[in-house]
There are 2 protein chains.
Amino acid sequence: MWDVAEELKAMLVFAEHRYYGESLPFGNNSFKDSRYLNYLTSEQALADFAVLIKYLKRTIPGAKNQPVIALGGSYGGMLAAWFRMKYPHMVVGALAASAPIWHFSNLVPCGVFMKIVTEDFRKSGPNCSETIHNSWGAITRLAGTGSGLHWLSEALHLCTPLRNSQDVQHLKGWISETWINLAMVDYPYESNFLQPLPAWPIKVVCKYLNNPSLSDAQLLQNIFQALNIYYNYSGQARCLNISETTTSNLGTQGWSYQACTEMVMPFCTNGIDDMFEPRSWNFREYSDDCFKQWGVRPRPAWITTVYGGRNISSHSNIVFSNGELDPWSGGGVTKDITDTLVAITIPEGAHHLDLRARNAFDPTTVLLARSLEVRHMKQWIRDFYASQRKKH
Amino acid sequence: MWDVAEELKAMLVFAEHRYYGESLPFGNNSFKDSRYLNYLTSEQALADFAVLIKYLKRTIPGAKNQPVIALGGSYGGMLAAWFRMKYPHMVVGALAASAPIWHFSNLVPCGVFMKIVTEDFRKSGPNCSETIHNSWGAITRLAGTGSGLHWLSEALHLCTPLRNSQDVQHLKGWISETWINLAMVDYPYESNFLQPLPAWPIKVVCKYLNNPSLSDAQLLQNIFQALNIYYNYSGQARCLNISETTTSNLGTQGWSYQACTEMVMPFCTNGIDDMFEPRSWNFREYSDDCFKQWGVRPRPAWITTVYGGRNISSHSNIVFSNGELDPWSGGGVTKDITDTLVAITIPEGAHHLDLRARNAFDPTTVLLARSLEVRHMKQWIRDFYASQRKKH
């Protein structure tokens with residue numbers, strides 16, 4: 001975005017979403033109970049952006065009659081797309097990078113996400129996804145005895161030893177999330193988004209995961225080596241903490257509440273199309289967990305009601321970009337809808353690679369994507385000025 | 001709408017707006033204080049319509065894949081237009097009849113409304129608007145003495161005698177509103193929208209208002225005759241009650257709150273372009289009154305922020321119809337914006353005449369308007385089926 005802003009002589013504005021970062025409407029009480037959290041919705045966030053743009057146009061000299069473009073990645077990409085849909089008078093277009101706007105209701109199969117994660121590992125090294133596939137049974141078997149549980153905690157260098165089957169379930173979830181995160185940040189160069197990582201980290205991880213037929217203990221030792229790449233690339237960690245999967249603060253509290261109200265994304269695995277233990281999508285359980293945690297129950301149909309689901313062809317000027325390595329691309333728009341609702345896919349891209357700064361190791365496909373994106377932006381700006389001239 | 005529904009083989013659904021009629025979310029407490037009124041916004045109403053349409057499509061056999069059209073008049077017309085703008089995936093188009101979507105902020109001059117009212121009276125009889133113009137001074141002079149005040153109360157057959165200058169101000173406001181209402185319902189046949197009235201009621205009223213040069217007392221006696229047409233066409237009223245101007249319940253409470261939050265419509269008069277006493281638009285006073293009445297202060301810029309003001313050209317499939325006799329047409333869309341955002345004006349039409357049932361006295365212009373509206377609706381429906389076929 002910095003590179004493109006310079007090219008387009010644009011001002012970059014990073015709008016902080018309410019309830020994230022320092023934008024806490026009720027200070028320390030903001031997450032206290034659902035009474036304070038009522039104002040945390042995507043619609044309210046979009047309205048904030050509208051008010052912000054009006055304010056900036058009014059107060060910044062020269063900004064008044066300038067075209068504005070919305071940009072965002074991931075949830076921010078959904079917001080960018082939705083903002084153009086709901087406030088087309090405010091922005092001439094939107095770049096929605098890695099925005100899974102269709103990962104709701106039954107718009108895409110609930111297994112698509114984990115299938116892509118699996119595919120990333122399958123392609124990154126021989127036997128890699130099979131090794132992971134076999135690891136779950138190995139964990140289950142080892143955890144069946146007290147000494148096995150102890151051995152597992154030691155072998156995986158866990159900061160807190162496993163005590164019971166609940167801990168083991170938690171461990172499996174934490175390992176799964178690690179593989180997911182690796183799929184999201186499988187970038188072609190060293191990076192530091194969720195964790196400090198080497199270039200093409202899945203390839204590095206898969207070097208340790210090339211033999212699915214080892215004994216349970218040997219297999220788990222290799223799993224540890226792989227996890228250690230993700231959690232200890234810097235070499236500073238003395239143990240692995242299964243209560244966290246990212247170093248940076250991505251606003252997990254805010255997202256957890258949103259996931260329990262509007263942002264209900266169904267996920268599932270079957271262990272056949274993916275390398276995970278089978279788990280079906282259980283909305284009732286999901287809803288009960290939400291009620292326990294936040295005192296609210298989700299409205300799974302709301303997002304498609306308000307933002308249109310797959311029926312968005314009457315909108316215009318949105319570029320949906322997706323990296324094919326990115327598991328979120330499964331819920332994204334990856335085919336053109338109309339001439340002005342276009343999809344750009346980046347075969348060698350992970351999660352919103354196109355939004356990252358230029359890098360010497362950028363694959364050609366992301367360079368191409370970026371130049372296409374800029375071409376669309378320039379067209380939106382030209383159309384804006386043409387319609388301005390027509391008015392006067 | 002009944003006539004057209006038959007022609008299009010459509011189901012008609014009248015969705016009651018929350019906080020109006022029987023749709024009271026907190027029962028008798030709904031208007032108790034702003035805590036309960038927080039949920040009364042146009043956005044919430046639109047969301048209700050979206051949820052309702054989804055529900056109807058799910059539950060009514062055969063409704064699932066049918067196209068839907070939004071229709072409405074007045075505020076309902078604004079909602080119809082805004083619904084198509086915000087939920088284009090829900091309705092293939094909207095007919096916004098007499099919808100003053102631009103009567104906000106400074107999108108149109110604040111005097112345009114009263115200017116049209118005046119024009120209606122000017123054209124409906126010789127000296128009619130001048131007579132009304134002169135009546136305000138006559139009232140002021142008569143009300144200057146105790147005996148004059150008494151005489152006025154008698155001459156106008158008021159149910160409650162005037163006691164002080166505040167009552168006189170109230171009387172003037174009530175008379176003004178009567179002229180406004182007559183302008184809104186200046187229909188070509190007997191009708192019963194705000195009051196039971198004869199055909200072309202302004203013409204009938206103006207028969208009594210053809211001499212602006214009479215003495216104050218004679219002039220006011222004529223004003224009474226005119227008011228009596230509006231308030232006593234049935235001949236049942238024994239006196240005139242200046243605390244009400246309409247017989248039907250239009251949900252004044254709900255609208256009063258909405259006018260004090262989102263729906264801030266600036267009005268003013270100057271006594272030159274219109275026949276009223278000069279009164280400038282005073283937002284501070286307006287806001288203070290709102291605070292006194294509801295404990296809230298209005299956000300006058302919000303409606304244009306959320307619905308785009310004049311910048312709505314990226315939307316599609318909305319017909320804006322306006323009667324030229326209707327004072328609300330001053331804040332309406334009366335010129336085409338694009339090929340699919342079209343304006344239909346009805347020279348002999350008052351407030352949403354086109355939405356009323358067919359009548360033998362309908363002027364040709366409203367017949368033409370209705371047939372144009374139906375033509376647009378049929379086009380939207382054809383486009384809908386064409387795009388459905390393309391998908392499969």
# chains A, B, ... in the order shown; residues from 1 in each chain; ligands from 1

call {"tool": "select_by_dssp", "arguments": {"residues": "segment 131-366 of chain A", "states": "alpha helix (DSSP H)", "output": "PyMOL selection string"}}
result
chain A and resi 131-142+146-155+165-184+201-206+216-231+252-259+283-294+302-307+364-366

call {"tool": "select_by_dssp", "arguments": {"residues": "segment 248-321 of chain B", "states": "strand (DSSP E or B)", "output": "ChimeraX atom specification"}}
result
/B:269,279,318-321

call {"tool": "closest_atom_pairs", "arguments": {"of": "chain B", "to": "chain A", "cutoff": "9 Å", "atoms": "only C-alpha atoms", "output": "tab-separated table"}}
result
residue	atom	partner	partner_atom	distance
B:Ala47	CA	A:Val306	CA	7.4
B:Ala50	CA	A:Thr305	CA	6.6
B:Val51	CA	A:Thr305	CA	7.0
B:Lys54	CA	A:Thr305	CA	7.6
B:Met85	CA	A:Lys86	CA	7.7
B:Lys86	CA	A:Lys86	CA	5.7
B:Tyr87	CA	A:Val306	CA	6.9
B:Pro88	CA	A:Ser314	CA	6.7
B:His89	CA	A:Gly308	CA	5.4
B:Met90	CA	A:Gly308	CA	7.6
B:Trp302	CA	A:Val51	CA	8.4
B:Thr305	CA	A:Ala50	CA	6.6
B:Val306	CA	A:Tyr87	CA	6.9
B:Tyr307	CA	A:Tyr87	CA	7.5
B:Gly308	CA	A:His89	CA	5.4
B:Gly309	CA	A:His89	CA	8.4
B:Arg310	CA	A:His89	CA	8.9
B:Asn311	CA	A:His89	CA	5.6
B:Ile312	CA	A:His89	CA	6.2
B:Ser313	CA	A:His89	CA	8.1
B:Ser314	CA	A:Pro88	CA	6.7
B:His315	CA	A:His315	CA	7.9
B:Ser316	CA	A:Ser314	CA	7.9

call {"tool": "closest_residue", "arguments": {"among": "B:Trp174, B:Trp380, B:Tyr19, B:Trp328", "to": "Tyr39 of chain B", "atoms": "only C-alpha atoms"}}
result
B:Tyr19

call {"tool": "residues_around", "arguments": {"residues": "Thr364 of chain B", "least_positions_apart": "5", "cutoff": "10 Å", "atoms": "only C-alpha atoms", "output": "PyMOL selection string"}}
result
chain B and resi 346-348+369-370

call {"tool": "write_last_selection", "arguments": {"atoms": "N, CA and C atoms", "output": "CSV table (one decimal), in the first residue's frame"}}
result
chain,number,residue,atom,x,y,z
B,346,ILE,N,-45.6,14.1,-12.2
B,346,ILE,CA,-47.0,14.1,-12.5
B,346,ILE,C,-47.5,15.6,-12.2
B,347,PRO,N,-47.6,16.4,-13.3
B,347,PRO,CA,-48.0,17.8,-13.1
B,347,PRO,C,-49.2,18.0,-12.3
B,348,GLU,N,-50.2,17.1,-12.5
B,348,GLU,CA,-51.5,17.4,-11.7
B,348,GLU,C,-51.6,16.5,-10.5
B,369,ALA,N,-48.0,8.1,-15.7
B,369,ALA,CA,-47.0,7.8,-14.7
B,369,ALA,C,-47.1,6.3,-14.3
B,370,ARG,N,-48.3,5.9,-14.0
B,370,ARG,CA,-48.5,4.5,-13.5
B,370,ARG,C,-48.1,3.5,-14.6

call {"tool": "residues_around", "arguments": {"residues": "segment 123-126 of chain B", "least_positions_apart": "2", "cutoff": "8 Å", "atoms": "only C-alpha atoms", "output": "list in words"}}
result
Glu119, Asp120, Phe121, Cys128, Ile202, Lys203, Cys206, Lys207, Leu209 and Asn210 of chain B

call {"tool": "residues_around", "arguments": {"residues": "Trp179 of chain B", "least_positions_apart": "5", "cutoff": "12 Å", "atoms": "only C-alpha atoms", "output": "PyMOL selection string"}}
result
chain B and resi 113-122+128-129+132-133+172-174+184-186+201-203+205-206+223+226-231+245+274-276+326-327

call {"tool": "closest_residue", "arguments": {"among": "B:Leu40, B:Leu240, B:Val4, B:Leu52", "to": "Tyr257 of chain B", "atoms": "only C-alpha atoms"}}
result
B:Leu40

call {"tool": "atom_distance", "arguments": {"atom1": "atom CA of Gly330 of chain A", "atom2": "atom CA of Leu107 of chain A"}}
result
10.4 Å

call {"tool": "residues_around", "arguments": {"residues": "segment 340-345 of chain B", "least_positions_apart": "5", "cutoff": "6 Å", "atoms": "only C-alpha atoms", "output": "ChimeraX atom specification"}}
result
/B:316-323,334-335

call {"tool": "closest_residue", "arguments": {"among": "A:Ser371, A:Thr269, A:Gln293, A:Asn359", "to": "Tyr189 of chain A", "atoms": "only C-alpha atoms"}}
result
A:Asn359

call {"tool": "residues_around", "arguments": {"residues": "segment 381-383 of chain B", "least_positions_apart": "6", "cutoff": "12 Å", "atoms": "only C-alpha atoms", "output": "PyMOL selection string"}}
result
(chain A and resi 314) or (chain B and resi 8-10+65-69+91-94+317+340+374-375+389-390)

call {"tool": "decode", "arguments": {"residues": "segment 278-378 of chain A", "atoms": "C-alpha atoms", "output": "mmCIF file, in the first residue's frame"}}
result
data_model
loop_
_atom_site.group_PDB
_atom_site.id
_atom_site.type_symbol
_atom_site.label_atom_id
_atom_site.label_comp_id
_atom_site.auth_asym_id
_atom_site.auth_seq_id
_atom_site.Cartn_x
_atom_site.Cartn_y
_atom_site.Cartn_z
ATOM 1 C CA PRO A 278 -12.717 -35.486 11.550
ATOM 2 C CA ARG A 279 -14.911 -32.856 13.133
ATOM 3 C CA SER A 280 -18.303 -31.827 11.827
ATOM 4 C CA TRP A 281 -19.709 -28.315 12.066
ATOM 5 C CA ASN A 282 -21.910 -28.233 15.143
ATOM 6 C CA PHE A 283 -23.783 -24.965 15.342
ATOM 7 C CA ARG A 284 -25.582 -25.796 18.575
ATOM 8 C CA GLU A 285 -22.310 -26.484 20.382
ATOM 9 C CA TYR A 286 -20.832 -23.326 18.865
ATOM 10 C CA SER A 287 -23.809 -21.309 20.035
ATOM 11 C CA ASP A 288 -23.659 -22.787 23.533
ATOM 12 C CA ASP A 289 -19.973 -21.906 23.803
ATOM 13 C CA CYS A 290 -20.802 -18.347 22.744
ATOM 14 C CA PHE A 291 -23.506 -18.120 25.337
ATOM 15 C CA LYS A 292 -21.121 -19.351 28.014
ATOM 16 C CA GLN A 293 -18.376 -16.930 27.022
ATOM 17 C CA TRP A 294 -20.297 -13.752 26.130
ATOM 18 C CA GLY A 295 -23.909 -14.296 27.106
ATOM 19 C CA VAL A 296 -24.978 -13.960 23.483
ATOM 20 C CA ARG A 297 -26.065 -16.353 20.770
ATOM 21 C CA PRO A 298 -24.928 -15.974 17.144
ATOM 22 C CA ARG A 299 -27.217 -15.127 14.207
ATOM 23 C CA PRO A 300 -25.661 -17.263 11.477
ATOM 24 C CA ALA A 301 -27.947 -15.995 8.693
ATOM 25 C CA TRP A 302 -27.446 -12.299 9.311
ATOM 26 C CA ILE A 303 -24.249 -11.663 7.316
ATOM 27 C CA THR A 304 -25.735 -13.041 4.109
ATOM 28 C CA THR A 305 -28.964 -11.101 4.762
ATOM 29 C CA VAL A 306 -27.180 -7.798 5.150
ATOM 30 C CA TYR A 307 -24.337 -8.221 2.643
ATOM 31 C CA GLY A 308 -26.069 -10.311 0.003
ATOM 32 C CA GLY A 309 -24.205 -13.615 0.089
ATOM 33 C CA ARG A 310 -23.438 -14.703 -3.462
ATOM 34 C CA ASN A 311 -25.964 -12.287 -4.918
ATOM 35 C CA ILE A 312 -23.807 -9.168 -5.192
ATOM 36 C CA SER A 313 -23.721 -8.576 -8.931
ATOM 37 C CA SER A 314 -25.486 -5.202 -8.754
ATOM 38 C CA HIS A 315 -22.444 -3.672 -7.050
ATOM 39 C CA SER A 316 -19.367 -2.414 -8.843
ATOM 40 C CA ASN A 317 -15.680 -1.523 -8.562
ATOM 41 C CA ILE A 318 -14.421 -4.177 -6.216
ATOM 42 C CA VAL A 319 -11.258 -6.190 -6.780
ATOM 43 C CA PHE A 320 -11.175 -9.440 -4.829
ATOM 44 C CA SER A 321 -7.630 -10.783 -4.635
ATOM 45 C CA ASN A 322 -6.775 -14.192 -3.259
ATOM 46 C CA GLY A 323 -3.627 -16.225 -2.845
ATOM 47 C CA GLU A 324 -4.154 -19.838 -3.796
ATOM 48 C CA LEU A 325 -2.016 -20.988 -0.873
ATOM 49 C CA ASP A 326 -4.244 -19.092 1.520
ATOM 50 C CA PRO A 327 -6.866 -21.274 3.207
ATOM 51 C CA TRP A 328 -9.165 -18.235 3.317
ATOM 52 C CA SER A 329 -9.286 -18.206 -0.474
ATOM 53 C CA GLY A 330 -11.822 -21.044 -0.183
ATOM 54 C CA GLY A 331 -14.391 -18.541 1.085
ATOM 55 C CA GLY A 332 -13.282 -15.767 -1.225
ATOM 56 C CA VAL A 333 -14.399 -14.507 -4.609
ATOM 57 C CA THR A 334 -12.038 -16.203 -7.041
ATOM 58 C CA LYS A 335 -13.959 -15.753 -10.283
ATOM 59 C CA ASP A 336 -15.056 -12.515 -11.959
ATOM 60 C CA ILE A 337 -18.675 -11.652 -11.205
ATOM 61 C CA THR A 338 -19.032 -8.738 -13.615
ATOM 62 C CA ASP A 339 -16.686 -6.432 -15.518
ATOM 63 C CA THR A 340 -16.238 -4.313 -12.413
ATOM 64 C CA LEU A 341 -16.421 -7.012 -9.749
ATOM 65 C CA VAL A 342 -13.241 -8.835 -10.560
ATOM 66 C CA ALA A 343 -11.233 -11.639 -9.035
ATOM 67 C CA ILE A 344 -7.456 -11.791 -9.085
ATOM 68 C CA THR A 345 -5.809 -15.014 -7.987
ATOM 69 C CA ILE A 346 -2.170 -15.340 -7.026
ATOM 70 C CA PRO A 347 -1.074 -18.977 -7.414
ATOM 71 C CA GLU A 348 2.002 -18.545 -5.204
ATOM 72 C CA GLY A 349 0.326 -16.209 -2.715
ATOM 73 C CA ALA A 350 -0.546 -16.808 0.919
ATOM 74 C CA HIS A 351 -2.802 -14.542 3.065
ATOM 75 C CA HIS A 352 -2.946 -11.075 1.441
ATOM 76 C CA LEU A 353 0.605 -11.279 0.121
ATOM 77 C CA ASP A 354 -0.320 -8.573 -2.374
ATOM 78 C CA LEU A 355 -0.824 -6.033 0.416
ATOM 79 C CA ARG A 356 2.705 -6.531 1.756
ATOM 80 C CA ALA A 357 5.562 -4.243 0.814
ATOM 81 C CA ARG A 358 7.552 -4.941 -2.328
ATOM 82 C CA ASN A 359 10.192 -7.619 -1.794
ATOM 83 C CA ALA A 360 13.021 -8.968 -3.936
ATOM 84 C CA PHE A 361 11.614 -12.486 -3.485
ATOM 85 C CA ASP A 362 8.096 -11.615 -4.598
ATOM 86 C CA PRO A 363 6.930 -14.232 -7.119
ATOM 87 C CA THR A 364 5.970 -12.885 -10.550
ATOM 88 C CA THR A 365 2.323 -13.710 -9.914
ATOM 89 C CA VAL A 366 2.039 -11.232 -7.048
ATOM 90 C CA LEU A 367 3.773 -8.519 -9.067
ATOM 91 C CA LEU A 368 1.248 -9.108 -11.799
ATOM 92 C CA ALA A 369 -1.627 -9.009 -9.303
ATOM 93 C CA ARG A 370 -0.421 -5.720 -7.868
ATOM 94 C CA SER A 371 -0.092 -4.098 -11.254
ATOM 95 C CA LEU A 372 -3.610 -5.264 -12.180
ATOM 96 C CA GLU A 373 -4.922 -3.865 -8.904
ATOM 97 C CA VAL A 374 -3.305 -0.504 -9.610
ATOM 98 C CA ARG A 375 -4.731 -0.511 -13.104
ATOM 99 C CA HIS A 376 -8.246 -0.961 -11.669
ATOM 100 C CA MET A 377 -7.661 1.794 -9.128
ATOM 101 C CA LYS A 378 -6.538 4.170 -11.852
#
